[in-house]
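Chemist: Input structure: work_12.cif, which contains mmCIF, C-alpha atoms.
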```cif
data_model
#
loop_
_atom_site.group_PDB
_atom_site.id
_atom_site.type_symbol
_atom_site.label_atom_id
_atom_site.label_comp_id
_atom_site.auth_asym_id
_atom_site.auth_seq_id
_atom_site.Cartn_x
_atom_site.Cartn_y
_atom_site.Cartn_z
ATOM 1 C CA MET A 209 -6.801 -18.461 10.828
ATOM 2 C CA LYS A 210 -8.077 -19.140 7.330
ATOM 3 C CA ILE A 211 -7.498 -16.656 4.545
ATOM 4 C CA ASP A 212 -9.511 -16.883 1.326
ATOM 5 C CA TYR A 213 -7.629 -16.727 -1.943
ATOM 6 C CA THR A 214 -8.241 -16.930 -5.670
ATOM 7 C CA ILE A 215 -5.874 -18.131 -8.398
ATOM 8 C CA GLN A 216 -5.237 -16.246 -11.617
ATOM 9 C CA GLU A 217 -2.873 -17.022 -14.455
ATOM 10 C CA ILE A 218 -0.275 -14.466 -15.474
ATOM 11 C CA THR A 219 0.650 -15.030 -19.103
ATOM 12 C CA ASN A 220 3.982 -14.364 -20.768
ATOM 13 C CA SER A 221 5.694 -14.727 -17.416
ATOM 14 C CA GLN A 222 9.282 -13.422 -17.480
ATOM 15 C CA GLY A 223 9.160 -13.259 -21.271
ATOM 16 C CA SER A 224 8.864 -17.036 -21.643
ATOM 17 C CA GLY A 225 5.409 -16.946 -23.179
ATOM 18 C CA LYS A 226 4.172 -19.394 -20.553
ATOM 19 C CA GLY A 227 1.625 -18.680 -17.872
ATOM 20 C CA ARG A 228 2.151 -19.116 -14.158
ATOM 21 C CA PRO A 229 -0.331 -19.189 -11.262
ATOM 22 C CA HIS A 230 -0.709 -16.003 -9.261
ATOM 23 C CA VAL A 231 -2.266 -16.152 -5.797
ATOM 24 C CA ARG A 232 -4.554 -13.257 -4.922
ATOM 25 C CA ILE A 233 -5.557 -12.919 -1.266
ATOM 26 C CA VAL A 234 -9.196 -11.948 -0.868
ATOM 27 C CA ASN A 235 -9.127 -8.879 1.329
ATOM 28 C CA ASN A 236 -11.243 -9.115 4.480
ATOM 29 C CA GLY A 237 -10.990 -5.500 5.555
ATOM 30 C CA ILE A 238 -8.639 -3.360 7.589
ATOM 31 C CA MET A 239 -8.465 -2.520 11.304
ATOM 32 C CA SER A 240 -9.385 1.117 11.868
ATOM 33 C CA SER A 241 -7.270 3.435 14.011
ATOM 34 C CA LYS A 242 -10.109 3.524 16.548
ATOM 35 C CA GLU A 243 -10.156 -0.279 16.777
ATOM 36 C CA LEU A 244 -6.368 -0.375 17.118
ATOM 37 C CA LYS A 245 -6.373 2.109 20.002
ATOM 38 C CA GLN A 246 -9.252 0.317 21.708
ATOM 39 C CA HIS A 247 -7.506 -3.056 21.459
ATOM 40 C CA ILE A 248 -4.277 -1.659 22.934
ATOM 41 C CA GLN A 249 -6.185 -0.114 25.813
ATOM 42 C CA GLU A 250 -7.987 -3.382 26.530
ATOM 43 C CA THR A 251 -4.790 -5.447 26.572
ATOM 44 C CA THR A 252 -2.520 -3.008 28.447
ATOM 45 C CA THR A 253 -2.703 -0.410 31.193
ATOM 46 C CA LEU A 254 -2.351 2.443 28.706
ATOM 47 C CA THR A 255 -5.032 5.112 28.530
ATOM 48 C CA ASP A 256 -6.456 6.546 25.317
ATOM 49 C CA GLY A 257 -4.125 9.519 25.702
ATOM 50 C CA ASP A 258 -1.124 7.248 26.261
ATOM 51 C CA VAL A 259 -1.858 5.282 23.099
ATOM 52 C CA GLU A 260 -2.380 8.437 21.032
ATOM 53 C CA ALA A 261 0.846 9.997 22.323
ATOM 54 C CA THR A 262 2.850 6.819 21.676
ATOM 55 C CA LEU A 263 1.611 6.456 18.098
ATOM 56 C CA LEU A 264 2.309 10.124 17.361
ATOM 57 C CA SER A 265 5.807 9.814 18.862
ATOM 58 C CA ILE A 266 6.602 6.777 16.707
ATOM 59 C CA ARG A 267 5.339 8.626 13.630
ATOM 60 C CA SER A 268 7.449 11.703 14.458
ATOM 61 C CA LEU A 269 10.601 9.619 14.981
ATOM 62 C CA MET A 270 9.966 7.708 11.754
ATOM 63 C CA ILE A 271 9.702 10.970 9.800
ATOM 64 C CA GLN A 272 12.902 12.250 11.419
ATOM 65 C CA GLU A 273 14.990 9.132 10.763
ATOM 66 C CA LEU A 274 13.736 8.367 7.263
ATOM 67 C CA SER A 275 14.198 12.025 6.267
ATOM 68 C CA MET A 276 17.903 11.604 7.073
ATOM 69 C CA GLY A 277 18.134 8.446 4.966
ATOM 70 C CA ASN A 278 18.313 6.146 7.985
ATOM 71 C CA ARG A 279 16.453 2.893 8.454
ATOM 72 C CA PHE A 280 13.738 3.017 11.089
ATOM 73 C CA TYR A 281 13.436 -0.026 13.331
ATOM 74 C CA ILE A 282 10.512 -1.027 15.536
ATOM 75 C CA PRO A 283 11.588 -3.879 17.856
ATOM 76 C CA GLN A 284 9.929 -7.231 17.142
ATOM 77 C CA ILE A 285 8.177 -5.744 14.087
ATOM 78 C CA GLY A 286 10.734 -4.796 11.455
ATOM 79 C CA TYR A 287 12.606 -2.207 9.430
ATOM 80 C CA PHE A 288 11.330 0.710 7.350
ATOM 81 C CA THR A 289 13.476 2.215 4.576
ATOM 82 C CA LEU A 290 12.948 4.806 1.861
ATOM 83 C CA SER A 291 12.563 3.923 -1.794
ATOM 84 C CA ALA A 292 13.670 6.636 -4.239
ATOM 85 C CA GLY A 293 13.082 7.155 -7.930
ATOM 86 C CA THR A 294 13.263 9.619 -10.796
ATOM 87 C CA ASP A 295 10.812 10.632 -13.520
ATOM 88 C CA LEU A 296 13.510 11.305 -16.129
ATOM 89 C CA PRO A 297 12.789 9.648 -19.486
ATOM 90 C CA GLU A 298 14.461 6.393 -20.475
ATOM 91 C CA GLY A 299 17.831 6.860 -22.088
ATOM 92 C CA THR A 300 18.825 9.829 -19.922
ATOM 93 C CA PRO A 301 22.602 9.604 -19.309
ATOM 94 C CA ILE A 302 23.490 8.766 -15.711
ATOM 95 C CA ASP A 303 25.775 11.807 -15.415
ATOM 96 C CA LYS A 304 22.773 14.049 -16.170
ATOM 97 C CA VAL A 305 20.834 12.834 -13.119
ATOM 98 C CA LYS A 306 21.055 15.418 -10.331
ATOM 99 C CA GLY A 307 19.713 15.515 -6.803
ATOM 100 C CA HIS A 308 16.671 17.605 -7.726
ATOM 101 C CA HIS A 309 15.619 14.931 -10.247
ATOM 102 C CA ILE A 310 15.217 12.357 -7.465
ATOM 103 C CA HIS A 311 12.189 12.023 -5.207
ATOM 104 C CA VAL A 312 10.924 9.713 -2.485
ATOM 105 C CA ARG A 313 9.038 6.887 -4.180
ATOM 106 C CA ASN A 314 7.683 4.996 -1.214
ATOM 107 C CA ILE A 315 8.485 3.445 2.145
ATOM 108 C CA LYS A 316 9.537 -0.213 2.122
ATOM 109 C CA PHE A 317 8.996 -2.570 5.027
ATOM 110 C CA LYS A 318 11.008 -5.658 5.940
ATOM 111 C CA PRO A 319 9.490 -7.685 8.791
ATOM 112 C CA GLU A 320 11.575 -9.302 11.475
ATOM 113 C CA ALA A 321 11.984 -13.035 10.890
ATOM 114 C CA SER A 322 10.279 -13.854 14.185
ATOM 115 C CA LEU A 323 7.213 -11.780 13.232
ATOM 116 C CA LEU A 324 6.940 -13.418 9.821
ATOM 117 C CA GLU A 325 7.396 -16.868 11.340
ATOM 118 C CA LYS A 326 4.609 -16.360 13.893
ATOM 119 C CA ILE A 327 2.206 -15.197 11.198
ATOM 120 C CA GLN A 328 3.132 -18.097 8.909
ATOM 121 C CA LYS A 329 2.380 -20.566 11.705
ATOM 122 C CA ARG A 330 -1.061 -19.075 12.372
ATOM 123 C CA VAL A 331 -2.282 -18.807 8.786
ATOM 124 C CA THR A 332 -3.926 -21.425 6.581
ATOM 125 C CA PHE A 333 -5.407 -20.797 3.137
ATOM 126 C CA SER A 334 -8.797 -21.713 1.746
ATOM 127 C CA ARG A 335 -9.763 -21.291 -1.887
ATOM 128 C CA SER A 336 -12.577 -18.789 -2.262
ATOM 129 C CA GLN A 337 -15.854 -20.230 -3.483
ATOM 130 C CA HIS A 338 -16.727 -17.001 -5.228
ATOM 131 C CA ALA A 339 -15.170 -15.510 -8.314
ATOM 132 C CA HIS A 340 -13.321 -12.319 -7.503
ATOM 133 C CA ARG A 341 -15.379 -9.381 -8.687
ATOM 134 C CA SER A 342 -14.913 -5.711 -8.108
ATOM 135 C CA LYS A 343 -16.976 -3.874 -5.558
ATOM 136 C CA VAL A 344 -19.180 -1.254 -7.163
ATOM 137 C CA TYR A 345 -18.568 2.410 -6.336
ATOM 138 C CA THR A 346 -19.913 5.656 -7.667
ATOM 139 C CA GLU A 347 -17.334 8.163 -8.882
ATOM 140 C CA GLU A 348 -17.930 10.291 -5.779
ATOM 141 C CA GLU A 349 -17.482 7.305 -3.446
ATOM 142 C CA MET A 350 -14.244 6.220 -5.087
ATOM 143 C CA GLU A 351 -12.808 9.739 -5.050
ATOM 144 C CA GLU A 352 -13.652 10.049 -1.346
ATOM 145 C CA LYS A 353 -12.029 6.705 -0.516
ATOM 146 C CA VAL A 354 -8.875 7.552 -2.447
ATOM 147 C CA ARG A 355 -8.597 10.962 -0.762
ATOM 148 C CA GLU A 356 -9.039 9.323 2.657
ATOM 149 C CA TYR A 357 -6.289 6.824 1.840
ATOM 150 C CA MET A 358 -3.959 9.587 0.649
ATOM 151 C CA LEU A 359 -4.316 11.453 3.942
ATOM 152 C CA GLN A 360 -2.221 8.685 5.519
ATOM 153 C CA ASN A 361 -0.082 7.625 2.537
ATOM 154 C CA PRO A 362 2.191 9.486 0.093
ATOM 155 C CA ASP A 363 0.960 7.699 -3.018
ATOM 156 C CA ILE A 364 -1.237 4.934 -4.371
ATOM 157 C CA ASN A 365 -0.867 2.337 -7.132
ATOM 158 C CA ARG A 366 -2.950 -0.293 -8.888
ATOM 159 C CA ALA A 367 -2.113 -3.109 -6.474
ATOM 160 C CA THR A 368 -3.081 -0.944 -3.498
ATOM 161 C CA MET A 369 -6.395 -0.080 -5.150
ATOM 162 C CA GLU A 370 -7.118 -3.781 -5.610
ATOM 163 C CA ILE A 371 -6.295 -4.707 -2.006
ATOM 164 C CA HIS A 372 -7.891 -1.801 -0.150
ATOM 165 C CA PHE A 373 -10.997 -1.292 -2.262
ATOM 166 C CA GLY A 374 -11.791 -4.843 -3.410
ATOM 167 C CA LEU A 375 -11.199 -4.274 -7.129
ATOM 168 C CA THR A 376 -10.016 -6.440 -9.964
ATOM 169 C CA GLN A 377 -6.824 -5.425 -11.753
ATOM 170 C CA THR A 378 -8.743 -4.078 -14.746
ATOM 171 C CA THR A 379 -11.198 -2.067 -12.642
ATOM 172 C CA ALA A 380 -8.434 -0.631 -10.440
ATOM 173 C CA ARG A 381 -6.589 0.563 -13.541
ATOM 174 C CA LYS A 382 -9.769 2.127 -14.946
ATOM 175 C CA TRP A 383 -10.433 4.020 -11.711
ATOM 176 C CA LEU A 384 -6.854 5.339 -11.640
ATOM 177 C CA ASN A 385 -7.220 6.552 -15.231
ATOM 178 C CA THR A 386 -10.589 8.138 -14.439
ATOM 179 C CA LEU A 387 -9.308 9.982 -11.367
ATOM 180 C CA THR A 388 -6.220 11.118 -13.266
ATOM 181 C CA GLU A 389 -8.304 12.475 -16.151
ATOM 182 C CA LYS A 390 -10.559 14.195 -13.620
ATOM 183 C CA GLY A 391 -7.547 15.944 -12.078
ATOM 184 C CA VAL A 392 -7.760 14.244 -8.685
ATOM 185 C CA LEU A 393 -4.559 12.234 -9.160
ATOM 186 C CA ARG A 394 -1.283 12.822 -10.966
ATOM 187 C CA LYS A 395 0.575 9.909 -12.571
ATOM 188 C CA MET A 396 4.207 9.436 -11.579
ATOM 189 C CA GLY A 397 6.964 6.855 -12.074
ATOM 190 C CA ASN A 398 7.784 4.896 -15.189
ATOM 191 C CA TYR A 399 5.527 3.062 -17.652
ATOM 192 C CA ASN A 400 5.983 -0.375 -16.105
ATOM 193 C CA SER A 401 5.425 0.635 -12.467
ATOM 194 C CA PRO A 402 3.461 3.882 -12.253
ATOM 195 C CA TYR A 403 2.144 5.322 -9.024
ATOM 196 C CA TYR A 404 -0.166 8.225 -8.307
ATOM 197 C CA VAL A 405 -0.161 11.241 -5.987
ATOM 198 C CA LEU A 406 -2.834 13.814 -5.283
ATOM 199 C CA ALA A 407 -2.816 16.419 -8.030
ATOM 200 C CA GLN A 408 -3.353 19.109 -5.448
ATOM 201 C CA LYS A 409 -3.499 19.112 -1.680
ATOM 202 C CA GLU A 410 -6.835 19.783 -0.106
ATOM 203 C CA ALA A 411 -7.067 22.969 1.931
#
```
Take the structure in this file and express it as structure tokens.
Modeler:
Amino acid sequence: MKIDYTIQEITNSQGSGKGRPHVRIVNNGIMSSKELKQHIQETTTLTDGDVEATLLSIRSLMIQELSMGNRFYIPQIGYFTLSAGTDLPEGTPIDKVKGHHIHVRNIKFKPEASLLEKIQKRVTFSRSQHAHRSKVYTEEEMEEKVREYMLQNPDINRATMEIHFGLTQTTARKWLNTLTEKGVLRKMGNYNSPYYVLAQKEA
């Protein structure tokens, strides 16, 4: 399968002052939960209820295991582990960092080698003929999309905005700033790698 990509130059790479090429995959969309369930039903003997129950069971077990600090493994897919962080300012002595200062940052995924190998064998890349430009959203549309994303994810960052919503780096950053100023999102993490959570949960 061919995947479109664009090439951008990242300047001052690793403090050397030199640029290096950065490959950006042009996002072609995402499979919806409805499409996922339908595909599983069509390729197995599972009913809609079976698929729903299985997915919910996996989710419940993942929450249980990760909440205890364990890795969560799905056979032939890979491993999920927690990433933790703290919002304490730079220069805070290590002995001042306590348990209540630490929070769950994200969930990391490491694919099984066999899964990665199969994908690598199936994929070829084709340079996009179109310059990468941001999709245009109204403020209401972007807020709705971000809220929908946050229903299934603990946080969002600039890179995720680019991938999921078809934005350039600059536009993704502007939208994050706009939604933060509006009170929809709250900025977390450090200066170099910030991430954002909902400022308040919807009722």
Chemist: For the contact check between segment 292-339 of chain A and segment 261-281 of chain A, emit one row per residue of segment 292-339 of chain A within 10 Å, containing the shortest atom pair and the distance in Å rounded to one decimal, counting all atoms listed in the file, chain then rising number order, as CSV.
Modeler:
```
residue,atom,partner,partner_atom,distance
A:Val312,CA,A:Ser275,CA,9.6
A:Ile315,CA,A:Leu274,CA,8.8
A:Lys316,CA,A:Arg279,CA,9.9
A:Phe317,CA,A:Phe280,CA,9.5
A:Lys318,CA,A:Tyr281,CA,9.6
A:Pro319,CA,A:Tyr281,CA,9.7
A:Glu320,CA,A:Tyr281,CA,9.6
```
Chemist: Closest to Ile233 of chain A among A:Arg335, A:Lys343, A:Arg313, A:Arg381, using all atoms listed in the file?
Modeler: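 Checking each candidate against Ile233 of chain A, we get A:Arg335 as the closest.
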Chemist: A:Lys242, A:His311, A:Arg355, A:Lys382: which is nearest Met396 of chain A, counting only C-alpha atoms?
Modeler: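 Ranking A:Lys242, A:His311, A:Arg355, A:Lys382 by distance to Met396 of chain A, first place goes to A:His311.
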Chemist: When the PyMOL selection byres ((chain A and resi 295-305) around 12) is applied to the structure above, which residues does it catch, written out as an MDAnalysis selection string?
Modeler: chainID A and resid 292:294 306:313 395:403
Chemist: One decimal, in Å: what's the spacing between atom CA of Thr368 of chain A and atom CA of Ala380 of chain A?
Modeler: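 Atom CA of Ala380 of chain A lies at a distance of 8.8 Å from atom CA of Thr368 of chain A.
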Chemist: Written as JSON, numbers by chain, what is the full residue list that the PyMOL selection byres ((chain A and resi 285) around 7) yields on the file shown?
Modeler: {"A": [282, 283, 284, 286, 319, 320, 323]}
Chemist: Exactly which residues make up the result of the PyMOL selection byres ((chain A and resi 331) around 8) on this file, given as an MDAnalysis selection string?
Modeler: chainID A and resid 209:211 327:330 332:333
Chemist: Would you list the contacts of Phe373 of chain A as a PyMOL selection string, taking every protein, DNA or RNA residue within 12 Å and counting all atoms listed in the file, but skipping same-chain residues closer than 3 positions in sequence?
Modeler: chain A and resi 234-238+341-345+349-354+356-357+364-370+376-377+379-380+383
Chemist: Give, as lines of an AutoDock Vina configuration file, the centre coordinates and the x, y and z edge lengths in Å to one decimal for an axis-aligned box around all listed atoms of segment 262-276 of chain A, padded by 4 Å on each side.
Modeler:
```
center_x = 9.8
center_y = 9.4
center_z = 14.0
size_x = 24.3
size_y = 13.8
size_z = 23.4
```
Chemist: Work out how far atom CA of Ala407 of chain A is from atom CA of Asp363 of chain A, in Å to one decimal.
Modeler: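 According to the coordinates, atom CA of Asp363 of chain A and atom CA of Ala407 of chain A are separated by 10.7 Å.
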Chemist: One decimal, in Å: what's the spacing between atom CA of Gln408 of chain A and atom CA of Asn361 of chain A?
Modeler: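 Going from atom CA of Gln408 of chain A over to atom CA of Asn361 of chain A, I get 14.4 Å.
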